[in-house]
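Chemist: Structure supplied as work.tsv; contents: TSV, C-alpha atoms.
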```tsv
chain	number	residue	atom	x	y	z
R	33	MET	CA	-2.19	-27.77	-27.36
R	34	THR	CA	-5.07	-25.36	-27.99
R	35	VAL	CA	-4.74	-21.90	-26.47
R	36	TYR	CA	-7.47	-19.27	-26.23
R	37	VAL	CA	-6.50	-15.60	-26.25
R	38	PHE	CA	-8.81	-12.94	-24.77
R	39	ASP	CA	-8.83	-9.21	-24.07
R	40	GLY	CA	-8.13	-9.49	-20.33
R	41	THR	CA	-11.65	-8.58	-19.17
R	42	MET	CA	-14.05	-10.65	-17.10
R	43	ASP	CA	-16.59	-10.52	-19.92
R	44	GLY	CA	-13.87	-11.78	-22.23
R	45	LEU	CA	-13.11	-14.71	-19.94
R	46	LEU	CA	-16.78	-15.67	-19.66
R	47	THR	CA	-17.11	-15.39	-23.44
R	48	ALA	CA	-14.16	-17.78	-23.76
R	49	VAL	CA	-16.07	-20.31	-21.64
R	50	PHE	CA	-19.14	-19.93	-23.88
R	51	ASP	CA	-17.10	-20.36	-27.06
R	52	ALA	CA	-15.26	-23.43	-25.73
R	53	PHE	CA	-18.54	-25.23	-25.20
R	54	SER	CA	-20.01	-23.99	-28.49
R	55	LEU	CA	-16.96	-25.22	-30.41
R	56	LYS	CA	-16.76	-28.40	-28.30
R	57	GLU	CA	-13.14	-27.70	-27.48
R	58	GLU	CA	-11.07	-28.12	-24.34
R	59	PRO	CA	-8.32	-25.49	-24.48
R	60	GLN	CA	-5.47	-26.03	-22.05
R	61	GLU	CA	-4.71	-22.36	-21.47
R	62	LEU	CA	-6.38	-18.96	-21.56
R	63	LEU	CA	-3.93	-16.13	-22.20
R	64	ALA	CA	-4.42	-12.38	-22.24
R	65	GLU	CA	-3.45	-10.47	-25.35
R	66	GLY	CA	0.28	-9.86	-25.32
R	67	ASP	CA	1.14	-12.95	-23.26
R	68	ALA	CA	3.81	-15.24	-24.72
R	69	LEU	CA	2.42	-18.39	-26.29
R	70	PRO	CA	3.58	-21.72	-24.84
R	71	LEU	CA	6.28	-23.60	-26.72
R	72	PHE	CA	4.08	-26.45	-27.94
R	73	CYS	CA	1.03	-24.42	-28.95
R	74	GLU	CA	-0.68	-26.07	-31.92
R	75	ARG	CA	-3.68	-23.77	-32.32
R	76	THR	CA	-4.76	-20.37	-31.03
R	77	TYR	CA	-8.29	-19.04	-30.94
R	78	HIS	CA	-8.86	-15.33	-30.41
R	79	VAL	CA	-11.97	-14.68	-28.32
R	80	THR	CA	-14.21	-11.79	-29.36
R	81	THR	CA	-15.80	-10.46	-26.19
R	82	ASP	CA	-19.58	-10.64	-26.27
R	83	GLU	CA	-21.57	-9.22	-23.34
R	84	GLU	CA	-24.61	-11.42	-24.05
R	85	LYS	CA	-22.52	-14.59	-24.05
R	86	ALA	CA	-20.84	-13.44	-20.82
R	87	ARG	CA	-24.21	-12.72	-19.23
R	88	ARG	CA	-25.50	-16.20	-20.12
R	89	VAL	CA	-22.43	-17.89	-18.66
R	90	TRP	CA	-22.70	-15.91	-15.41
R	91	ALA	CA	-26.42	-16.69	-15.19
R	92	GLY	CA	-25.50	-20.36	-15.52
R	93	LEU	CA	-22.97	-20.07	-12.72
R	94	GLU	CA	-25.61	-18.48	-10.49
R	95	LYS	CA	-27.70	-21.62	-10.90
R	96	LYS	CA	-24.85	-24.02	-10.16
R	97	LEU	CA	-22.81	-22.32	-7.43
R	98	THR	CA	-23.49	-20.98	-3.97
R	99	ARG	CA	-23.41	-17.25	-3.30
R	100	GLU	CA	-20.12	-17.71	-1.44
R	101	ALA	CA	-18.51	-19.49	-4.39
R	102	LEU	CA	-19.69	-16.79	-6.79
R	103	ARG	CA	-18.27	-14.12	-4.52
R	104	LEU	CA	-14.89	-15.85	-4.41
R	105	ILE	CA	-14.80	-15.89	-8.22
R	106	SER	CA	-15.57	-12.17	-8.31
R	107	VAL	CA	-13.07	-11.43	-5.56
R	108	SER	CA	-10.32	-13.45	-7.24
R	109	TRP	CA	-10.76	-11.35	-10.38
R	110	LEU	CA	-9.92	-8.22	-8.39
R	111	SER	CA	-6.41	-9.63	-7.92
R	112	GLU	CA	-5.56	-8.48	-11.47
R	113	LEU	CA	-3.08	-11.37	-11.63
R	114	ARG	CA	-2.46	-12.88	-15.05
R	115	GLU	CA	-1.71	-16.18	-13.36
R	116	LEU	CA	-5.42	-16.35	-12.49
R	117	ASN	CA	-6.68	-16.47	-16.09
R	118	THR	CA	-6.13	-20.14	-16.91
R	119	PRO	CA	-7.20	-21.69	-13.57
R	120	LEU	CA	-10.32	-19.50	-13.37
R	121	PHE	CA	-11.26	-20.35	-16.95
R	122	LEU	CA	-10.75	-24.09	-16.35
R	123	TYR	CA	-12.57	-23.90	-12.99
R	124	ILE	CA	-15.65	-22.37	-14.61
R	125	CYS	CA	-15.58	-24.91	-17.43
R	126	LYS	CA	-15.48	-27.72	-14.87
R	127	VAL	CA	-18.47	-26.27	-13.03
R	128	PHE	CA	-20.58	-26.65	-16.17
R	129	LYS	CA	-19.34	-30.20	-16.64
R	130	LEU	CA	-19.31	-31.46	-13.04
R	131	GLY	CA	-21.47	-29.09	-11.00
R	132	ASP	CA	-20.41	-27.26	-7.84
R	133	ILE	CA	-16.75	-28.15	-7.27
R	134	SER	CA	-16.01	-25.06	-5.19
R	135	ARG	CA	-15.10	-27.13	-2.11
R	136	ASN	CA	-12.94	-29.63	-4.00
R	137	PHE	CA	-9.56	-28.26	-3.00
R	138	ALA	CA	-7.84	-31.34	-4.41
R	139	ASP	CA	-8.56	-29.80	-7.81
R	140	PRO	CA	-5.58	-27.55	-8.67
R	141	ASP	CA	-7.72	-24.94	-10.43
R	142	VAL	CA	-10.20	-24.64	-7.54
R	143	LEU	CA	-7.30	-24.36	-5.11
R	144	ALA	CA	-5.53	-21.72	-7.21
R	145	VAL	CA	-8.65	-19.54	-7.55
R	146	THR	CA	-9.50	-19.89	-3.86
R	147	ASN	CA	-5.98	-19.02	-2.71
R	148	ILE	CA	-5.87	-15.93	-4.93
R	149	ALA	CA	-9.28	-14.83	-3.63
R	150	ARG	CA	-7.96	-15.20	-0.07
R	151	ARG	CA	-4.99	-12.98	-0.91
R	152	VAL	CA	-7.39	-10.31	-2.15
R	153	LEU	CA	-9.55	-10.61	0.97
R	154	HIS	CA	-6.44	-10.27	3.13
R	155	GLU	CA	-5.54	-7.09	1.26
R	156	GLN	CA	-9.10	-5.88	1.83
R	157	LEU	CA	-8.61	-6.30	5.59
R	158	ARG	CA	-5.31	-4.43	5.44
R	159	MET	CA	-6.98	-1.52	3.66
R	160	LYS	CA	-9.53	-1.24	6.45
R	161	GLN	CA	-6.71	-1.17	9.00
R	162	PHE	CA	-4.20	1.09	7.31
R	163	ILE	CA	-6.07	3.80	5.41
R	164	ARG	CA	-5.25	7.15	7.03
R	165	PHE	CA	-7.43	10.21	6.42
R	166	GLN	CA	-6.57	13.90	6.32
R	167	LYS	CA	-9.21	16.58	6.73
R	168	ALA	CA	-9.55	19.40	4.21
R	169	LYS	CA	-10.78	22.90	5.04
R	170	ASP	CA	-14.16	22.08	3.49
R	171	GLY	CA	-14.61	19.15	5.90
R	172	THR	CA	-13.83	16.38	3.40
R	173	TYR	CA	-11.59	13.55	4.56
R	174	LEU	CA	-9.02	12.23	2.08
R	175	GLY	CA	-7.34	8.83	2.08
R	176	VAL	CA	-4.86	7.79	-0.62
R	177	VAL	CA	-3.88	4.14	-1.17
R	178	SER	CA	-2.11	2.00	-3.75
R	179	PRO	CA	-2.92	-1.63	-2.87
R	180	ASP	CA	-1.42	-4.63	-4.64
R	181	HIS	CA	-4.91	-5.76	-5.66
R	182	ASN	CA	-7.94	-3.77	-6.82
R	183	VAL	CA	-9.77	-3.92	-3.49
R	184	LEU	CA	-11.51	-0.54	-3.32
R	185	PRO	CA	-14.81	-1.93	-4.68
R	186	ILE	CA	-15.03	-4.35	-1.74
R	187	VAL	CA	-13.97	-1.96	1.06
R	188	ILE	CA	-16.14	1.04	0.23
R	189	ASP	CA	-19.24	-0.38	1.97
R	190	HIS	CA	-17.20	-0.60	5.18
R	191	PHE	CA	-16.27	3.08	5.08
R	192	GLN	CA	-19.74	4.16	4.03
R	193	ASP	CA	-21.16	2.35	7.04
R	194	ARG	CA	-18.49	3.48	9.50
R	195	PHE	CA	-18.15	7.10	8.37
R	196	ASN	CA	-21.67	7.77	7.14
R	197	ASP	CA	-21.91	11.20	8.81
R	198	GLN	CA	-18.98	12.86	7.03
R	199	PRO	CA	-17.83	13.38	3.42
R	200	TRP	CA	-14.73	11.52	2.26
R	201	LEU	CA	-12.69	10.55	-0.77
R	202	ILE	CA	-10.63	7.36	-0.99
R	203	TYR	CA	-8.35	7.37	-4.02
R	204	ASP	CA	-6.31	4.53	-5.52
R	205	ALA	CA	-3.19	6.23	-6.85
R	206	LYS	CA	-2.02	3.04	-8.58
R	207	ARG	CA	-5.22	2.59	-10.62
R	208	HIS	CA	-6.10	6.27	-10.96
R	209	TYR	CA	-9.64	6.17	-9.60
R	210	GLY	CA	-11.44	6.43	-6.30
R	211	TYR	CA	-14.77	6.73	-4.51
R	212	SER	CA	-16.31	9.89	-3.11
R	213	TYR	CA	-19.03	10.06	-0.45
R	214	ASP	CA	-21.03	13.25	0.17
R	215	GLY	CA	-22.96	11.99	3.20
R	216	LYS	CA	-25.65	10.35	1.07
R	217	THR	CA	-24.26	8.75	-2.07
R	218	VAL	CA	-21.04	7.03	-3.09
R	219	ILE	CA	-19.80	7.72	-6.61
R	220	ARG	CA	-16.77	6.53	-8.56
R	221	VAL	CA	-14.40	9.37	-9.48
R	222	THR	CA	-11.36	9.92	-11.68
R	223	PHE	CA	-9.19	12.98	-12.30
R	224	GLU	CA	-8.43	14.08	-15.86
R	225	ASP	CA	-5.29	15.84	-14.63
R	226	GLU	CA	-3.87	14.26	-11.49
R	227	ALA	CA	-1.07	16.81	-11.41
R	228	ALA	CA	-3.66	19.51	-10.70
R	229	VAL	CA	-5.28	17.86	-7.68
R	230	PRO	CA	-4.44	19.44	-4.28
R	231	PHE	CA	-2.67	16.42	-2.84
R	232	ASP	CA	0.52	14.47	-3.52
R	233	LEU	CA	-0.18	11.00	-4.90
R	234	ARG	CA	3.31	9.85	-3.90
R	235	ASN	CA	2.56	10.12	-0.19
R	236	GLY	CA	-1.11	11.11	-0.01
R	237	LYS	CA	-0.41	14.43	1.69
R	238	MET	CA	-2.73	17.38	1.13
R	239	ASP	CA	-1.36	20.74	0.02
R	240	ALA	CA	-1.04	23.14	2.95
R	241	GLU	CA	-3.60	25.58	1.52
R	242	VAL	CA	-6.39	22.98	1.56
R	243	LEU	CA	-5.43	21.10	4.73
R	244	SER	CA	-7.69	21.78	7.72
R	245	ASP	CA	-6.15	24.13	10.29
R	246	ASN	CA	-6.19	21.55	13.06
R	247	ASP	CA	-5.40	18.43	11.01
R	248	GLN	CA	-1.62	18.95	11.19
R	249	LEU	CA	-1.97	19.17	14.98
R	250	PHE	CA	-3.87	15.88	15.06
R	251	GLN	CA	-1.22	14.25	12.88
R	252	ASP	CA	1.52	15.40	15.25
R	253	LEU	CA	-0.46	14.14	18.25
R	254	TRP	CA	-0.95	10.76	16.56
R	255	ARG	CA	2.79	10.44	15.87
R	256	THR	CA	3.55	11.36	19.50
R	257	TYR	CA	1.06	8.76	20.75
R	258	PHE	CA	2.46	6.11	18.41
R	259	LYS	CA	5.99	6.72	19.74
R	260	ALA	CA	4.82	6.86	23.35
R	261	ILE	CA	3.20	3.44	23.32
R	262	CYS	CA	6.26	1.87	21.70
R	263	ILE	CA	8.30	0.04	24.38
R	264	LYS	CA	11.89	-0.17	23.12
R	265	GLU	CA	12.64	-3.31	25.13
R	266	ARG	CA	9.78	-5.10	23.40
R	267	MET	CA	10.38	-3.92	19.87
R	268	ASN	CA	10.11	-6.70	17.29
R	269	PRO	CA	10.80	-5.30	13.80
R	270	ARG	CA	10.14	-8.63	12.10
R	271	LYS	CA	6.67	-8.94	13.60
R	272	GLN	CA	5.94	-5.28	12.87
R	273	LEU	CA	6.75	-5.83	9.20
R	274	LYS	CA	4.51	-8.89	9.16
R	275	ASP	CA	1.60	-7.03	10.74
R	276	MET	CA	2.23	-3.73	8.93
R	277	PRO	CA	4.04	-4.39	5.60
R	278	ARG	CA	6.41	-1.68	4.44
R	279	ARG	CA	4.45	-1.05	1.21
R	280	TYR	CA	1.72	0.66	3.27
R	281	TRP	CA	4.03	2.99	5.18
R	282	LYS	CA	4.23	5.88	2.72
R	283	TYR	CA	0.55	6.73	3.30
R	284	MET	CA	0.56	6.19	7.08
R	285	THR	CA	0.80	9.23	9.33
R	286	GLU	CA	2.69	7.44	12.09
R	287	LYS	CA	5.42	6.25	9.70
R	288	ASN	CA	6.16	9.64	8.14
```
Can I see the file as structure tokens?
Modeler:
Amino acid sequence: MTVYVFDGTMDGLLTAVFDAFSLKEEPQELLAEGDALPLFCERTYHVTTDEEKARRVWAGLEKKLTREALRLISVSWLSELRELNTPLFLYICKVFKLGDISRNFADPDVLAVTNIARRVLHEQLRMKQFIRFQKAKDGTYLGVVSPDHNVLPIVIDHFQDRFNDQPWLIYDAKRHYGYSYDGKTVIRVTFEDEAAVPFDLRNGKMDAEVLSDNDQLFQDLWRTYFKAICIKERMNPRKQLKDMPRRYWKYMTEKN
């Protein structure tokens, strides 16, 4: 068994595809650095990431796949799941051998990549539903999240379109970055010292000195409304957990 080892980046994965064809090899697995090698590994090849090779492979995919199939590949990568590496690598290799196989769900690698992409897209939908904002004294709205998958890049357009008349910051506490919008431009932001920022990353709450004077009132009104519309006789905790998973609760006003 031949195993390729890469640096865990998308460019590294695409470089691995380029090298496999250049060396005329058919590796059975692509592992990230630090992953345990399989028991019957006969040869390992360490991929050196090359942006030009990666660019050429992606350009080739653009010629062979539909825009939808390309998007699913990109979306699947946002899952950050190590279990994606081998099926995505093999899927891309098959595209260059067989053409557009993106609808061949009988292929285990196509099915695996597609299912992971769907999980990411489902998380994207949940982010749109469950992000809760707090308003600072300067008029900026803050939303803190920590999704299972790295979905901020594919939800920001939604918030820019929906809240294009007000400044906001959406911050991923799990990945330590976010996006800020000033009413005109969206920029990616990070904090050198997260301990110094005026909000608690554990629950997304703003410090009292920066919270807008009327925001606490709105939060209390929202909690009251949430309780008022809840009919005890029709409560279904199992369905509520399905529709609103517990992992989102710590950042949701109505659950705190």
Chemist: Would you please work out which residue, of R:Ile186, R:Ala144, R:Asp82, R:Trp109, is nearest to Met42 in chain R when using only C-alpha atoms?
Modeler: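 With only C-alpha atoms as the atom set, the closest residue is R:Trp109.
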Chemist: Tell me, as a VMD selection string, which residues lie within 12 Å of Trp200 in chain R, counting only C-alpha atoms; anything in the same chain fewer than 2 positions away does not count.
Modeler: chain R and resid 164 to 168 170 to 176 188 191 to 192 194 to 198 202 to 203 210 to 219 221
Chemist: Write a file of the selected residues as a JSON list (two decimals), keeping the file's coordinate frame, keeping C-alpha atoms.
Modeler:
```
[["chain", "number", "residue", "atom", "x", "y", "z"],
["R", 164, "ARG", "CA", -5.25, 7.15, 7.03],
["R", 165, "PHE", "CA", -7.43, 10.21, 6.42],
["R", 166, "GLN", "CA", -6.57, 13.90, 6.32],
["R", 167, "LYS", "CA", -9.21, 16.58, 6.73],
["R", 168, "ALA", "CA", -9.55, 19.40, 4.21],
["R", 170, "ASP", "CA", -14.16, 22.08, 3.49],
["R", 171, "GLY", "CA", -14.61, 19.15, 5.90],
["R", 172, "THR", "CA", -13.83, 16.38, 3.40],
["R", 173, "TYR", "CA", -11.59, 13.55, 4.56],
["R", 174, "LEU", "CA", -9.02, 12.23, 2.08],
["R", 175, "GLY", "CA", -7.34, 8.83, 2.08],
["R", 176, "VAL", "CA", -4.86, 7.79, -0.62],
["R", 188, "ILE", "CA", -16.14, 1.04, 0.23],
["R", 191, "PHE", "CA", -16.27, 3.08, 5.08],
["R", 192, "GLN", "CA", -19.74, 4.16, 4.03],
["R", 194, "ARG", "CA", -18.49, 3.48, 9.50],
["R", 195, "PHE", "CA", -18.15, 7.10, 8.37],
["R", 196, "ASN", "CA", -21.67, 7.77, 7.14],
["R", 197, "ASP", "CA", -21.91, 11.20, 8.81],
["R", 198, "GLN", "CA", -18.98, 12.86, 7.03],
["R", 202, "ILE", "CA", -10.63, 7.36, -0.99],
["R", 203, "TYR", "CA", -8.35, 7.37, -4.02],
["R", 210, "GLY", "CA", -11.44, 6.43, -6.30],
["R", 211, "TYR", "CA", -14.77, 6.73, -4.51],
["R", 212, "SER", "CA", -16.31, 9.89, -3.11],
["R", 213, "TYR", "CA", -19.03, 10.06, -0.45],
["R", 214, "ASP", "CA", -21.03, 13.25, 0.17],
["R", 215, "GLY", "CA", -22.96, 11.99, 3.20],
["R", 216, "LYS", "CA", -25.65, 10.35, 1.07],
["R", 217, "THR", "CA", -24.26, 8.75, -2.07],
["R", 218, "VAL", "CA", -21.04, 7.03, -3.09],
["R", 219, "ILE", "CA", -19.80, 7.72, -6.61],
["R", 221, "VAL", "CA", -14.40, 9.37, -9.48]]
```
Chemist: So what do you get for CA of Ile124 in chain R versus CA of Arg150 in chain R, distance-wise?
Modeler: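 Here the two named atoms are 17.9 Å from each other.
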Chemist: Name the closest residue to Thr146 in chain R among the candidates R:Val35, R:Val107, R:Leu93, R:Leu71; distances are taken between atoms, counting only C-alpha atoms.
Modeler: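 That would be R:Val107, the residue with the smallest distance to Thr146 in chain R.
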Chemist: Take CA of Ser108 in chain R and CA of Leu46 in chain R and report the distance between them in Å, one decimal.
Modeler: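 Separation between CA of Ser108 in chain R and CA of Leu46 in chain R: 14.2 Å.
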Chemist: Provide the CA of Phe50 in chain R to CA of Ala86 in chain R distance in Å, to one decimal place.
Modeler: 7.4 Å
Chemist: With distances taken over all atoms listed in the file, which of R:Val127, R:Leu113, R:Val37, R:Ala101 is nearest to Val79 in chain R?
Modeler: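 Smallest distance to Val79 in chain R is found for R:Val37.
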Chemist: Write out as a list of chain:residue names which residues come within 8 Å of range 177-181 of chain R when counting only C-alpha atoms, dropping same-chain ones fewer than 5 positions away.
Modeler: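 What passes the distance filter is R:Leu110, R:Ser111, R:Glu112, R:Val152, R:Glu155, R:Met159, R:Ile163, R:Ile202, R:Tyr203, R:Asp204, R:Ala205, R:Lys206, R:Arg207, R:Gly236, R:Tyr280, R:Tyr283.
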Chemist: Env of Glu65 in chain R: 12 Å cut, atoms = all atoms listed in the file, seq-sep filter 4 positions within chain, self excluded. Answer as a PDB file with C-alpha atoms, in the coordinates of the input.
Modeler:
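This went into part17.pdb:
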```pdb
ATOM      1  CA  VAL R  35      -4.740 -21.900 -26.470  1.00  0.00           C
ATOM      2  CA  TYR R  36      -7.470 -19.270 -26.230  1.00  0.00           C
ATOM      3  CA  VAL R  37      -6.500 -15.600 -26.250  1.00  0.00           C
ATOM      4  CA  PHE R  38      -8.810 -12.940 -24.770  1.00  0.00           C
ATOM      5  CA  ASP R  39      -8.830  -9.210 -24.070  1.00  0.00           C
ATOM      6  CA  GLY R  40      -8.130  -9.490 -20.330  1.00  0.00           C
ATOM      7  CA  THR R  41     -11.650  -8.580 -19.170  1.00  0.00           C
ATOM      8  CA  GLY R  44     -13.870 -11.780 -22.230  1.00  0.00           C
ATOM      9  CA  LEU R  45     -13.110 -14.710 -19.940  1.00  0.00           C
ATOM     10  CA  LEU R  69       2.420 -18.390 -26.290  1.00  0.00           C
ATOM     11  CA  THR R  76      -4.760 -20.370 -31.030  1.00  0.00           C
ATOM     12  CA  TYR R  77      -8.290 -19.040 -30.940  1.00  0.00           C
ATOM     13  CA  HIS R  78      -8.860 -15.330 -30.410  1.00  0.00           C
ATOM     14  CA  VAL R  79     -11.970 -14.680 -28.320  1.00  0.00           C
ATOM     15  CA  THR R  80     -14.210 -11.790 -29.360  1.00  0.00           C
ATOM     16  CA  ARG R 114      -2.460 -12.880 -15.050  1.00  0.00           C
ATOM     17  CA  ASN R 117      -6.680 -16.470 -16.090  1.00  0.00           C
TER      18      ASN R 117
END
```
Chemist: Have a look at R:Pro119, R:Lys56, R:Asp139, R:Asp43 and name the one nearest to Arg88 in chain R; count all atoms listed in the file.
Modeler: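 For Arg88 in chain R, the nearest of the given residues is R:Asp43.
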Chemist: Give the answer as one residue: which of R:Ser54, R:Thr81, R:Phe128, R:Leu62 has the shortest atom-to-atom distance to Leu116 in chain R, using all atoms listed in the file?
Modeler: R:Leu62
Chemist: When distances are computed from all atoms listed in the file, which of R:Glu74, R:Asp193, R:Glu84, R:Asp132 shows the smallest separation from Leu102 in chain R?
Modeler: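 Closest residue, counting all atoms listed in the file: R:Asp132.
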Chemist: Could you name the residues that touch Ile133 in chain R at 10 Å or less, counting all atoms listed in the file, but leaving out those on the same chain fewer than 2 positions away, as a ChimeraX atom specification?
Modeler: /R:96-97,101,123-124,126-131,135-139,142
Chemist: With C-alpha atoms kept, could you save the residues just selected as a PDB file, in the coordinates of the input?
Modeler:
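Below is the file that was written, result.pdb:
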```pdb
ATOM      1  CA  LYS R  96     -24.850 -24.020 -10.160  1.00  0.00           C
ATOM      2  CA  LEU R  97     -22.810 -22.320  -7.430  1.00  0.00           C
ATOM      3  CA  ALA R 101     -18.510 -19.490  -4.390  1.00  0.00           C
ATOM      4  CA  TYR R 123     -12.570 -23.900 -12.990  1.00  0.00           C
ATOM      5  CA  ILE R 124     -15.650 -22.370 -14.610  1.00  0.00           C
ATOM      6  CA  LYS R 126     -15.480 -27.720 -14.870  1.00  0.00           C
ATOM      7  CA  VAL R 127     -18.470 -26.270 -13.030  1.00  0.00           C
ATOM      8  CA  PHE R 128     -20.580 -26.650 -16.170  1.00  0.00           C
ATOM      9  CA  LYS R 129     -19.340 -30.200 -16.640  1.00  0.00           C
ATOM     10  CA  LEU R 130     -19.310 -31.460 -13.040  1.00  0.00           C
ATOM     11  CA  GLY R 131     -21.470 -29.090 -11.000  1.00  0.00           C
ATOM     12  CA  ARG R 135     -15.100 -27.130  -2.110  1.00  0.00           C
ATOM     13  CA  ASN R 136     -12.940 -29.630  -4.000  1.00  0.00           C
ATOM     14  CA  PHE R 137      -9.560 -28.260  -3.000  1.00  0.00           C
ATOM     15  CA  ALA R 138      -7.840 -31.340  -4.410  1.00  0.00           C
ATOM     16  CA  ASP R 139      -8.560 -29.800  -7.810  1.00  0.00           C
ATOM     17  CA  VAL R 142     -10.200 -24.640  -7.540  1.00  0.00           C
TER      18      VAL R 142
END
```
Chemist: Could range 91-104 of chain R be completed with N, CA, C and O atoms and written as an mmCIF file, keeping the file's coordinate frame, please?
Modeler:
```cif
data_model
loop_
_atom_site.group_PDB
_atom_site.id
_atom_site.type_symbol
_atom_site.label_atom_id
_atom_site.label_comp_id
_atom_site.auth_asym_id
_atom_site.auth_seq_id
_atom_site.Cartn_x
_atom_site.Cartn_y
_atom_site.Cartn_z
ATOM 1 N N ALA R 91 -25.103 -16.237 -15.636
ATOM 2 C CA ALA R 91 -26.420 -16.690 -15.190
ATOM 3 C C ALA R 91 -26.392 -18.196 -14.927
ATOM 4 O O ALA R 91 -27.019 -18.687 -13.975
ATOM 5 N N GLY R 92 -25.648 -18.925 -15.745
ATOM 6 C CA GLY R 92 -25.500 -20.360 -15.520
ATOM 7 C C GLY R 92 -24.752 -20.665 -14.239
ATOM 8 O O GLY R 92 -25.112 -21.587 -13.491
ATOM 9 N N LEU R 93 -23.723 -19.881 -13.963
ATOM 10 C CA LEU R 93 -22.970 -20.070 -12.720
ATOM 11 C C LEU R 93 -23.849 -19.799 -11.502
ATOM 12 O O LEU R 93 -23.734 -20.480 -10.468
ATOM 13 N N GLU R 94 -24.725 -18.805 -11.607
ATOM 14 C CA GLU R 94 -25.610 -18.480 -10.490
ATOM 15 C C GLU R 94 -26.538 -19.646 -10.151
ATOM 16 O O GLU R 94 -26.965 -19.792 -8.999
ATOM 17 N N LYS R 95 -26.826 -20.467 -11.136
ATOM 18 C CA LYS R 95 -27.700 -21.620 -10.900
ATOM 19 C C LYS R 95 -26.936 -22.800 -10.309
ATOM 20 O O LYS R 95 -27.522 -23.658 -9.654
ATOM 21 N N LYS R 96 -25.630 -22.855 -10.536
ATOM 22 C CA LYS R 96 -24.850 -24.020 -10.160
ATOM 23 C C LYS R 96 -24.012 -23.828 -8.896
ATOM 24 O O LYS R 96 -23.631 -24.803 -8.243
ATOM 25 N N LEU R 97 -23.694 -22.583 -8.562
ATOM 26 C CA LEU R 97 -22.810 -22.320 -7.430
ATOM 27 C C LEU R 97 -23.520 -21.586 -6.308
ATOM 28 O O LEU R 97 -24.511 -20.893 -6.527
ATOM 29 N N THR R 98 -22.967 -21.720 -5.114
ATOM 30 C CA THR R 98 -23.490 -20.980 -3.970
ATOM 31 C C THR R 98 -23.092 -19.517 -4.091
ATOM 32 O O THR R 98 -22.191 -19.148 -4.850
ATOM 33 N N ARG R 99 -23.745 -18.675 -3.298
ATOM 34 C CA ARG R 99 -23.410 -17.250 -3.300
ATOM 35 C C ARG R 99 -21.961 -17.037 -2.874
ATOM 36 O O ARG R 99 -21.262 -16.173 -3.412
ATOM 37 N N GLU R 100 -21.499 -17.841 -1.912
ATOM 38 C CA GLU R 100 -20.120 -17.710 -1.440
ATOM 39 C C GLU R 100 -19.130 -18.044 -2.554
ATOM 40 O O GLU R 100 -18.120 -17.348 -2.738
ATOM 41 N N ALA R 101 -19.404 -19.108 -3.307
ATOM 42 C CA ALA R 101 -18.510 -19.490 -4.390
ATOM 43 C C ALA R 101 -18.483 -18.436 -5.488
ATOM 44 O O ALA R 101 -17.424 -18.123 -6.047
ATOM 45 N N LEU R 102 -19.636 -17.868 -5.796
ATOM 46 C CA LEU R 102 -19.690 -16.790 -6.790
ATOM 47 C C LEU R 102 -18.895 -15.581 -6.332
ATOM 48 O O LEU R 102 -18.190 -14.948 -7.126
ATOM 49 N N ARG R 103 -19.012 -15.271 -5.058
ATOM 50 C CA ARG R 103 -18.270 -14.120 -4.520
ATOM 51 C C ARG R 103 -16.775 -14.347 -4.616
ATOM 52 O O ARG R 103 -16.018 -13.427 -4.964
ATOM 53 N N LEU R 104 -16.317 -15.575 -4.332
ATOM 54 C CA LEU R 104 -14.890 -15.850 -4.410
ATOM 55 C C LEU R 104 -14.377 -15.702 -5.843
ATOM 56 O O LEU R 104 -13.252 -15.239 -6.058
#
```
